[in-house]
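Coordinates as given in run06.cif (mmCIF, C-alpha atoms):
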data_upload
loop_
_atom_site.label_atom_id
_atom_site.label_comp_id
_atom_site.auth_asym_id
_atom_site.auth_seq_id
_atom_site.Cartn_x
_atom_site.Cartn_y
_atom_site.Cartn_z
CA MET A 15 0.00 0.00 0.00
CA ASN A 16 2.82 2.29 0.77
CA LYS A 17 4.37 1.63 -2.65
CA LYS A 18 1.06 2.34 -4.32
CA ILE A 19 0.77 5.73 -2.61
CA ILE A 20 4.33 6.62 -3.57
CA LYS A 21 3.66 5.62 -7.20
CA THR A 22 0.50 7.74 -7.37
CA VAL A 23 2.18 10.75 -5.74
CA PHE A 24 5.15 10.34 -8.08
CA ALA A 25 2.86 9.97 -11.10
CA ARG A 26 0.84 13.03 -10.12
CA THR A 27 4.00 15.08 -9.58
CA ILE A 28 5.36 14.05 -12.99
CA LEU A 29 1.98 14.79 -14.60
CA THR A 30 1.84 18.19 -12.88
CA LEU A 31 5.37 19.03 -14.05
CA VAL A 32 4.58 17.97 -17.62
CA ILE A 33 1.40 20.09 -17.64
CA ALA A 34 3.30 23.05 -16.15
CA TYR A 35 6.00 22.65 -18.82
CA ILE A 36 3.38 22.59 -21.57
CA PHE A 37 1.65 25.72 -20.20
CA LEU A 38 5.00 27.50 -19.85
CA ASN A 39 5.90 26.75 -23.48
CA LEU A 40 2.42 27.81 -24.56
CA ALA A 41 2.73 31.12 -22.65
CA GLN A 42 6.13 31.79 -24.22
CA ALA A 43 4.77 31.08 -27.69
CA ILE A 44 1.79 33.40 -27.10
CA GLN A 45 4.10 36.16 -25.82
CA LYS A 46 6.47 35.78 -28.79
CA ASN A 47 3.49 35.83 -31.19
CA TYR A 48 2.20 39.04 -29.55
CA VAL A 49 5.61 40.75 -29.91
CA ILE A 50 5.85 39.70 -33.56
CA ASN A 51 2.34 41.00 -34.29
CA GLU A 52 3.19 44.32 -32.59
CA SER A 53 6.28 44.72 -34.76
CA LEU A 54 4.25 43.82 -37.88
CA VAL A 55 1.73 46.55 -37.08
CA LYS A 56 4.53 49.09 -36.59
CA MET A 57 6.22 48.06 -39.82
CA ASN A 58 2.94 48.27 -41.74
CA ASP A 59 2.45 51.78 -40.38
CA GLN A 60 5.98 52.69 -41.48
CA ILE A 61 5.29 51.26 -44.92
CA THR A 62 2.13 53.35 -45.19
CA GLU A 63 3.99 56.51 -44.16
CA LEU A 64 6.82 55.78 -46.58
CA LYS A 65 4.33 55.24 -49.41
CA LYS A 66 2.79 58.63 -48.60
CA GLN A 67 6.23 60.23 -48.65
CA VAL A 68 7.07 58.58 -51.97
CA ALA A 69 3.79 59.83 -53.48
CA PHE A 70 4.48 63.34 -52.18
CA LEU A 71 8.04 63.32 -53.51
CA GLU A 72 6.86 62.06 -56.90
CA THR A 73 4.33 64.90 -57.01
CA GLN A 74 7.07 67.39 -56.14
CA LEU A 75 9.31 65.91 -58.84
CA VAL A 76 6.60 66.37 -61.45
CA TYR A 77 6.05 69.95 -60.25
CA TYR A 78 9.77 70.79 -60.29
CA ASP A 79 10.03 69.44 -63.83
CA SER A 80 7.09 71.53 -65.01
CA HIS A 81 7.47 74.62 -67.17
CA ALA A 82 5.47 76.73 -64.70
CA TYR A 83 7.93 76.06 -61.86
CA GLN A 84 10.94 76.74 -64.07
CA GLU A 85 9.43 80.04 -65.19
CA LEU A 86 8.57 81.01 -61.61
CA GLU A 87 12.10 80.27 -60.41
CA ALA A 88 13.61 82.18 -63.33
CA LYS A 89 11.54 85.19 -62.30
CA ARG A 90 12.26 84.83 -58.61
CA ARG A 91 15.96 83.97 -58.63
CA LEU A 92 17.21 85.58 -61.82
CA GLY A 93 14.81 88.50 -62.09
CA LEU A 94 13.78 87.52 -65.60
CA ARG A 95 10.44 88.46 -67.08
CA ARG A 96 8.50 87.86 -70.25
CA PRO A 97 8.37 90.52 -72.95
CA GLY A 98 5.63 93.00 -72.14
CA GLU A 99 5.48 92.09 -68.42
CA THR A 100 5.84 94.86 -65.90
CA VAL A 101 6.98 94.40 -62.32
CA VAL A 102 4.87 96.10 -59.68
CA LEU A 103 6.24 96.70 -56.17
CA VAL A 104 3.56 96.67 -53.50
CA PRO A 105 4.43 98.39 -50.20
CA HIS A 106 3.99 96.47 -46.99
CA ASN A 107 1.08 97.85 -44.94
CA ARG A 108 2.47 98.16 -41.42
CA ASP A 109 -0.48 100.05 -39.98
CA PRO A 110 -3.62 97.85 -40.21
CA GLU A 111 -5.88 100.82 -39.35
CA LYS A 112 -4.58 102.94 -42.22
CA LYS A 113 -5.85 101.69 -45.56
CA ILE A 114 -3.89 102.36 -48.73
CA THR A 115 -6.31 103.72 -51.30
CA GLU A 116 -3.92 104.79 -54.04
CA LEU A 117 -1.58 102.72 -56.15
CA PRO A 118 2.15 103.05 -55.51
CA GLU A 119 4.16 105.14 -57.90
CA VAL A 120 6.91 103.74 -60.07
CA VAL A 121 10.07 103.25 -58.04
CA ILE A 122 12.84 105.62 -59.01
CA GLU A 123 16.44 104.40 -58.76
CA GLU A 124 17.29 107.25 -56.36
CA ASP A 125 14.59 106.08 -53.95
CA VAL A 126 16.03 102.57 -54.07
CA LYS A 127 19.52 103.91 -53.34
CA GLN A 128 18.20 105.95 -50.41
CA ALA A 129 16.42 102.93 -49.02
CA ASP A 130 19.60 100.87 -49.33
CA GLN A 131 21.61 103.55 -47.54
CA LEU A 132 19.55 103.51 -44.34
CA ASP A 133 21.77 103.93 -41.35
CA LEU A 134 22.40 100.65 -39.51
CA PHE A 135 21.72 102.42 -36.21
CA ASP A 136 18.26 103.48 -37.40
CA GLN A 137 17.45 99.90 -38.35
CA ALA A 138 18.69 98.61 -34.97
CA SER A 139 16.73 101.20 -33.00
CA SER A 140 13.61 100.40 -35.01
CA ASN A 141 14.07 96.73 -34.20
CA ALA A 142 14.58 97.53 -30.51
CA ASN A 143 11.42 99.66 -30.49
CA SER A 144 9.47 96.85 -32.10
CA TRP A 145 10.60 94.38 -29.44
CA PHE A 146 9.90 96.87 -26.65
CA ASN A 147 6.40 97.50 -27.99
CA TRP A 148 5.76 93.78 -28.27
CA PHE A 149 6.72 93.13 -24.65
CA VAL A 150 5.26 96.23 -23.02
CA LYS A 151 2.26 97.12 -25.21
CA ARG A 152 -1.08 96.91 -23.49
CA PRO A 153 -4.47 97.47 -25.15
CA ASP A 154 -5.15 100.61 -23.07
CA GLN A 155 -1.74 102.24 -23.78
CA PRO A 156 -0.54 103.81 -27.03
CA VAL A 157 2.48 102.38 -28.80
CA VAL A 158 5.83 104.08 -27.98
CA GLN A 159 7.81 105.14 -31.07
#

Using the file provided, produce a representation of the structure as structure tokens.
Amino acid sequence: MNKKIIKTVFARTILTLVIAYIFLNLAQAIQKNYVINESLVKMNDQITELKKQVAFLETQLVYYDSHAYQELEAKRRLGLRRPGETVVLVPHNRDPEKKITELPEVVIEEDVKQADQLDLFDQASSNANSWFNWFVKRPDQPVVQ
């Protein structure tokens, strides 16, 4: 009887260890499968983003090869223009309350030279005033010039 009890306890222990081993392997396989699926999802997202980037870059390539872009860049970088085209300079409206109602006059070369010869100190003080006004300006106070 004693041998029978030992055999059953031994058999149950072996059976328990085998079942535990099977569950442990199953848990490891499930965990590995989960990690692989997570990486697949991330890689699919990266593939989608890269496809979007490729489509965008192909669109840009087509645009950069177009005649319209080449003409625009020739005008912007080289200052070229088509025969009969006139260049119009539009002044920057710094005062939103003051509306410009008249068209600007043709720019004379002397005016351009005068604008280029602005004193560096005047430009620096204007910049300092702008920063001061930005930090200190309150709605109930006028702007300091």

Subject >> Atomic separation - atom CA of Thr27 of chain A relative to atom CA of Ala41 of chain A, Å >> reply: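 Between atom CA of Ala41 of chain A and atom CA of Thr27 of chain A the gap is 20.7 Å.
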
Subject >> For segment 69-86 of chain A: contacts at 10 Å, only C-alpha atoms, fewer than 6 positions along chain excluded, given as number ranges by chain >> reply: A: 63, 92-96

Please produce a file of those selected residues containing C-alpha atoms, as a PDB file, in the frame of the given file.
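File produced: again-v6.pdb:
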ATOM      1  CA  GLU A  63       3.990  56.510 -44.160  1.00  0.00           C
ATOM      2  CA  LEU A  92      17.210  85.580 -61.820  1.00  0.00           C
ATOM      3  CA  GLY A  93      14.810  88.500 -62.090  1.00  0.00           C
ATOM      4  CA  LEU A  94      13.780  87.520 -65.600  1.00  0.00           C
ATOM      5  CA  ARG A  95      10.440  88.460 -67.080  1.00  0.00           C
ATOM      6  CA  ARG A  96       8.500  87.860 -70.250  1.00  0.00           C
TER       7      ARG A  96
END

**OP:** Would you mind reading off the distance between atom CA of Leu38 of chain A and atom CA of Thr22 of chain A, one decimal, in Å?
**Re:**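 Pair atom CA of Leu38 of chain A / atom CA of Thr22 of chain A returns 23.8 Å.
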